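Input: a single structure, listed below in structure tokens.
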Amino acid sequence: MIPDEIQTGHYGIGAFFPLVVLDPATHWQSQAPGNIPVRCTDDTGGLLAVRWCAPESAGAQAPGSLAEVLATAPPVHELHDTECLQAFHRALPQHLHLIALTATSVIGPWSRRPGQHVAAIHPTRTPPVGVPRAA
């Protein structure tokens with residue numbers, strides 16, 4: 001898996017979630033909650049993606065589940081077929097959902113999402129001024 005295939009998405013301030021983009025063309029629109037996105041005829045929609053929706057306690061499972069879905073997803077042109085998209089949707093593991101979201105809602109790799117802790121300071125190194133030494 002290439003780590004940067006898993007992206008960070010958001011719907012506004014805070015609440016970031018991991019996702020993988022299946023179709024980078026903005027040809028998708030979300031429907032009512034629980035329904036799969038539908039293909040638009042122009043570029044006024046969003047990207048087709050699979051997002052992780054689970055309690056924070058299950059978050060460690062997200063990268064592996066998303067990588068597996070990305071590796072087994074049908075090619076983009078097959079997802080344009082409604083029956084293929086529905087079959088793919090039904091086969092998604094628990095906590096994964098198809099969504100359409102704007103390109104501006106994808107902000108970069110999950111590994112570098114906002115709020116990620118900077119690598120811990122090695123205990124033998126002197127921390128920068130104002131940063132306490134790790135115990």
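By order in the structure tokens, chains are A, B, ...; within a chain, residues start at 1; ligands start at 1, following the order shown.
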Which neighbours of region 24-30 of chain A fall inside 8 Å, counting only C-alpha atoms, when residues of the same chain fewer than 2 positions from it are skipped, and could you give them as a PyMOL selection string? chain A and resi 21-22+32+35-48+99-103
Convert the current residue selection to file output with N, CA and C atoms, as an mmCIF file, in the first residue's frame.
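Listing of selection09.cif after writing:
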```cif
data_model
loop_
_atom_site.group_PDB
_atom_site.id
_atom_site.type_symbol
_atom_site.label_atom_id
_atom_site.label_comp_id
_atom_site.auth_asym_id
_atom_site.auth_seq_id
_atom_site.Cartn_x
_atom_site.Cartn_y
_atom_site.Cartn_z
ATOM 1 N N VAL A 21 -10.176 7.866 -2.565
ATOM 2 C CA VAL A 21 -10.918 8.388 -3.710
ATOM 3 C C VAL A 21 -10.959 7.304 -4.782
ATOM 4 N N LEU A 22 -12.157 6.983 -5.230
ATOM 5 C CA LEU A 22 -12.328 5.974 -6.283
ATOM 6 C C LEU A 22 -12.406 6.602 -7.662
ATOM 7 N N ALA A 32 -29.874 10.805 -0.409
ATOM 8 C CA ALA A 32 -30.302 10.738 0.987
ATOM 9 C C ALA A 32 -29.354 9.826 1.761
ATOM 10 N N ASN A 35 -28.122 6.011 0.991
ATOM 11 C CA ASN A 35 -28.165 5.699 -0.438
ATOM 12 C C ASN A 35 -26.813 5.991 -1.069
ATOM 13 N N ILE A 36 -26.491 5.258 -2.116
ATOM 14 C CA ILE A 36 -25.199 5.465 -2.766
ATOM 15 C C ILE A 36 -25.238 6.726 -3.627
ATOM 16 N N PRO A 37 -24.086 7.355 -3.849
ATOM 17 C CA PRO A 37 -24.037 8.518 -4.733
ATOM 18 C C PRO A 37 -24.456 8.133 -6.159
ATOM 19 N N VAL A 38 -24.905 9.115 -6.910
ATOM 20 C CA VAL A 38 -25.273 8.900 -8.308
ATOM 21 C C VAL A 38 -24.373 9.738 -9.191
ATOM 22 N N ARG A 39 -24.187 9.263 -10.396
ATOM 23 C CA ARG A 39 -23.331 9.952 -11.357
ATOM 24 C C ARG A 39 -24.079 11.130 -11.969
ATOM 25 N N CYS A 40 -23.391 12.277 -12.070
ATOM 26 C CA CYS A 40 -23.931 13.495 -12.685
ATOM 27 C C CYS A 40 -23.530 13.524 -14.155
ATOM 28 N N THR A 41 -24.095 14.434 -14.879
ATOM 29 C CA THR A 41 -23.746 14.575 -16.289
ATOM 30 C C THR A 41 -22.675 15.629 -16.533
ATOM 31 N N ASP A 42 -22.325 16.383 -15.506
ATOM 32 C CA ASP A 42 -21.307 17.424 -15.699
ATOM 33 C C ASP A 42 -20.361 17.475 -14.495
ATOM 34 N N ASP A 43 -19.527 18.503 -14.469
ATOM 35 C CA ASP A 43 -18.521 18.634 -13.407
ATOM 36 C C ASP A 43 -19.007 19.441 -12.209
ATOM 37 N N THR A 44 -20.286 19.377 -11.885
ATOM 38 C CA THR A 44 -20.805 20.154 -10.759
ATOM 39 C C THR A 44 -20.945 19.323 -9.490
ATOM 40 N N GLY A 45 -20.559 18.084 -9.548
ATOM 41 C CA GLY A 45 -20.707 17.201 -8.399
ATOM 42 C C GLY A 45 -19.448 17.112 -7.570
ATOM 43 N N GLY A 46 -19.254 15.948 -6.980
ATOM 44 C CA GLY A 46 -18.100 15.717 -6.132
ATOM 45 C C GLY A 46 -17.351 14.476 -6.557
ATOM 46 N N LEU A 47 -16.325 14.143 -5.803
ATOM 47 C CA LEU A 47 -15.517 12.953 -6.035
ATOM 48 C C LEU A 47 -16.227 11.744 -5.430
ATOM 49 N N LEU A 48 -16.077 10.596 -6.038
ATOM 50 C CA LEU A 48 -16.604 9.365 -5.458
ATOM 51 C C LEU A 48 -15.521 8.788 -4.561
ATOM 52 N N ILE A 99 -19.385 7.753 -0.582
ATOM 53 C CA ILE A 99 -19.832 9.136 -0.468
ATOM 54 C C ILE A 99 -19.401 9.913 -1.705
ATOM 55 N N ALA A 100 -20.020 11.050 -1.911
ATOM 56 C CA ALA A 100 -19.554 12.031 -2.886
ATOM 57 C C ALA A 100 -19.201 13.272 -2.079
ATOM 58 N N LEU A 101 -18.022 13.818 -2.298
ATOM 59 C CA LEU A 101 -17.643 15.033 -1.584
ATOM 60 C C LEU A 101 -16.838 15.925 -2.497
ATOM 61 N N THR A 102 -16.856 17.220 -2.202
ATOM 62 C CA THR A 102 -16.168 18.179 -3.053
ATOM 63 C C THR A 102 -14.662 17.960 -2.996
ATOM 64 N N ALA A 103 -13.981 18.353 -4.043
ATOM 65 C CA ALA A 103 -12.527 18.216 -4.084
ATOM 66 C C ALA A 103 -11.870 19.016 -2.968
#
```
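Close contacts of Leu96 (chain A), defined as residues with an atom at most 9 Å away when counting only C-alpha atoms, with chain neighbours fewer than 2 positions off set aside, comprise Leu19, Val50, Arg51, Trp52, Cys53, Ala54, Ala62, Ser65, Leu66, His89, Leu92, Pro93, Gln94 and Leu98 of chain A.
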Show which residues sit within 7 Å of Pro18 (chain A), as a ChimeraX atom specification. Count only C-alpha atoms, and ignore same-chain residues fewer than 6 positions away. /A:6-9,51-52,110
DSSP on the backbone, then: every residue of chain A marked helix (DSSP H, G or I), written as a ChimeraX atom specification. /A:3-5,56-72,76-79,82-91,103-105,110-112
In Å, how far is it from CA of Ala67 (chain A) to CA of Phe16 (chain A)?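 Between CA of Ala67 (chain A) and CA of Phe16 (chain A) the gap is 17.8 Å.
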Measuring atom to atom with only C-alpha atoms, identify which of A:Pro114, A:His10, A:Ala49, A:His97 is nearest to Leu79 (chain A). A:Ala49
As a ChimeraX atom specification, please: every residue in chain A that DSSP puts in strand (DSSP E or B). /A:7-9,17-29,38-39,46-52,96-101,106-109
Residues of the last selection are to be written out with N, CA, C and O atoms, as a short mmCIF file (atom, residue, chain, number, x, y, z; two decimals), in the first residue's frame.
```cif
data_model
loop_
_atom_site.label_atom_id
_atom_site.label_comp_id
_atom_site.auth_asym_id
_atom_site.auth_seq_id
_atom_site.Cartn_x
_atom_site.Cartn_y
_atom_site.Cartn_z
N GLN A 7 -6.50 9.33 2.11
CA GLN A 7 -6.58 10.78 2.22
C GLN A 7 -7.36 11.20 3.46
O GLN A 7 -8.03 10.38 4.10
N THR A 8 -7.28 12.49 3.76
CA THR A 8 -8.04 13.07 4.86
C THR A 8 -9.18 13.88 4.29
O THR A 8 -8.98 14.70 3.40
N GLY A 9 -10.37 13.62 4.79
CA GLY A 9 -11.54 14.38 4.36
C GLY A 9 -12.16 15.09 5.55
O GLY A 9 -11.87 14.79 6.70
N PHE A 17 -11.73 12.61 8.73
CA PHE A 17 -11.94 11.17 8.55
C PHE A 17 -11.07 10.67 7.41
O PHE A 17 -10.80 11.39 6.46
N PRO A 18 -10.62 9.40 7.49
CA PRO A 18 -9.83 8.82 6.40
C PRO A 18 -10.75 8.35 5.27
O PRO A 18 -11.89 7.93 5.50
N LEU A 19 -10.21 8.42 4.06
CA LEU A 19 -10.97 7.99 2.89
C LEU A 19 -10.03 7.62 1.76
O LEU A 19 -8.84 7.94 1.80
N VAL A 20 -10.59 6.93 0.77
CA VAL A 20 -9.87 6.70 -0.48
C VAL A 20 -10.77 7.19 -1.61
O VAL A 20 -11.99 6.97 -1.59
N VAL A 21 -10.18 7.87 -2.57
CA VAL A 21 -10.92 8.39 -3.71
C VAL A 21 -10.96 7.30 -4.78
O VAL A 21 -9.92 6.78 -5.18
N LEU A 22 -12.16 6.98 -5.23
CA LEU A 22 -12.33 5.97 -6.28
C LEU A 22 -12.41 6.60 -7.66
O LEU A 22 -11.99 6.01 -8.65
N ASP A 23 -13.01 7.79 -7.77
CA ASP A 23 -13.12 8.50 -9.04
C ASP A 23 -12.77 9.96 -8.78
O ASP A 23 -13.52 10.67 -8.13
N PRO A 24 -11.62 10.42 -9.29
CA PRO A 24 -11.19 11.79 -9.04
C PRO A 24 -11.93 12.83 -9.88
O PRO A 24 -11.72 14.02 -9.70
N ALA A 25 -12.79 12.40 -10.81
CA ALA A 25 -13.59 13.35 -11.59
C ALA A 25 -14.80 13.78 -10.76
O ALA A 25 -15.40 12.97 -10.06
N THR A 26 -15.14 15.05 -10.84
CA THR A 26 -16.24 15.57 -10.04
C THR A 26 -17.58 15.32 -10.74
O THR A 26 -18.27 16.24 -11.18
N HIS A 27 -17.96 14.07 -10.83
CA HIS A 27 -19.18 13.66 -11.53
C HIS A 27 -20.16 12.94 -10.61
O HIS A 27 -20.98 12.16 -11.09
N TRP A 28 -20.12 13.18 -9.31
CA TRP A 28 -20.94 12.41 -8.37
C TRP A 28 -21.71 13.32 -7.43
O TRP A 28 -21.22 14.37 -7.03
N GLN A 29 -22.94 12.90 -7.10
CA GLN A 29 -23.76 13.63 -6.15
C GLN A 29 -24.26 12.67 -5.08
O GLN A 29 -24.66 11.55 -5.40
N VAL A 38 -24.91 9.12 -6.91
CA VAL A 38 -25.27 8.90 -8.31
C VAL A 38 -24.37 9.74 -9.19
O VAL A 38 -23.87 10.79 -8.78
N ARG A 39 -24.19 9.26 -10.40
CA ARG A 39 -23.33 9.95 -11.36
C ARG A 39 -24.08 11.13 -11.97
O ARG A 39 -25.24 11.03 -12.33
N GLY A 46 -19.25 15.95 -6.98
CA GLY A 46 -18.10 15.72 -6.13
C GLY A 46 -17.35 14.48 -6.56
O GLY A 46 -17.69 13.83 -7.56
N LEU A 47 -16.32 14.14 -5.80
CA LEU A 47 -15.52 12.95 -6.04
C LEU A 47 -16.23 11.74 -5.43
O LEU A 47 -16.87 11.86 -4.40
N LEU A 48 -16.08 10.60 -6.04
CA LEU A 48 -16.60 9.37 -5.46
C LEU A 48 -15.52 8.79 -4.56
O LEU A 48 -14.37 8.61 -4.98
N ALA A 49 -15.88 8.52 -3.32
CA ALA A 49 -14.90 8.03 -2.35
C ALA A 49 -15.54 7.03 -1.40
O ALA A 49 -16.76 6.92 -1.31
N VAL A 50 -14.67 6.30 -0.72
CA VAL A 50 -15.10 5.42 0.38
C VAL A 50 -14.50 6.02 1.63
O VAL A 50 -13.29 6.26 1.69
N ARG A 51 -15.36 6.28 2.62
CA ARG A 51 -14.87 6.87 3.86
C ARG A 51 -15.06 5.91 5.02
O ARG A 51 -15.92 5.04 5.01
N TRP A 52 -14.24 6.09 6.02
CA TRP A 52 -14.29 5.31 7.26
C TRP A 52 -15.26 6.00 8.21
O TRP A 52 -15.15 7.19 8.48
N LEU A 96 -17.44 1.19 6.41
CA LEU A 96 -17.03 1.87 5.18
C LEU A 96 -18.27 2.24 4.38
O LEU A 96 -19.18 1.42 4.22
N HIS A 97 -18.28 3.48 3.87
CA HIS A 97 -19.44 3.97 3.14
C HIS A 97 -19.02 4.74 1.90
O HIS A 97 -18.03 5.48 1.93
N LEU A 98 -19.79 4.58 0.83
CA LEU A 98 -19.59 5.36 -0.39
C LEU A 98 -20.15 6.76 -0.17
O LEU A 98 -21.25 6.91 0.36
N ILE A 99 -19.39 7.75 -0.58
CA ILE A 99 -19.83 9.14 -0.47
C ILE A 99 -19.40 9.91 -1.70
O ILE A 99 -18.52 9.48 -2.45
N ALA A 100 -20.02 11.05 -1.91
CA ALA A 100 -19.55 12.03 -2.89
C ALA A 100 -19.20 13.27 -2.08
O ALA A 100 -19.97 13.69 -1.21
N LEU A 101 -18.02 13.82 -2.30
CA LEU A 101 -17.64 15.03 -1.58
C LEU A 101 -16.84 15.93 -2.50
O LEU A 101 -16.24 15.46 -3.47
N VAL A 106 -11.12 17.25 0.45
CA VAL A 106 -9.99 16.33 0.57
C VAL A 106 -8.76 17.20 0.76
O VAL A 106 -8.41 17.98 -0.11
N ILE A 107 -8.11 17.06 1.93
CA ILE A 107 -7.06 18.02 2.26
C ILE A 107 -5.65 17.46 2.28
O ILE A 107 -4.72 18.17 2.58
N GLY A 108 -5.47 16.19 1.95
CA GLY A 108 -4.13 15.64 1.90
C GLY A 108 -4.04 14.27 2.52
O GLY A 108 -5.05 13.72 2.97
N PRO A 109 -2.85 13.70 2.57
CA PRO A 109 -2.67 12.35 3.08
C PRO A 109 -3.09 12.21 4.54
O PRO A 109 -2.88 13.11 5.36
#
```
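With CA of Arg112 (chain A) on one side and CA of Pro74 (chain A) on the other, the separation reads 27.3 Å.
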Expressed in Å, the length from CA of His95 (chain A) to CA of Leu70 (chain A) is 14.7 Å
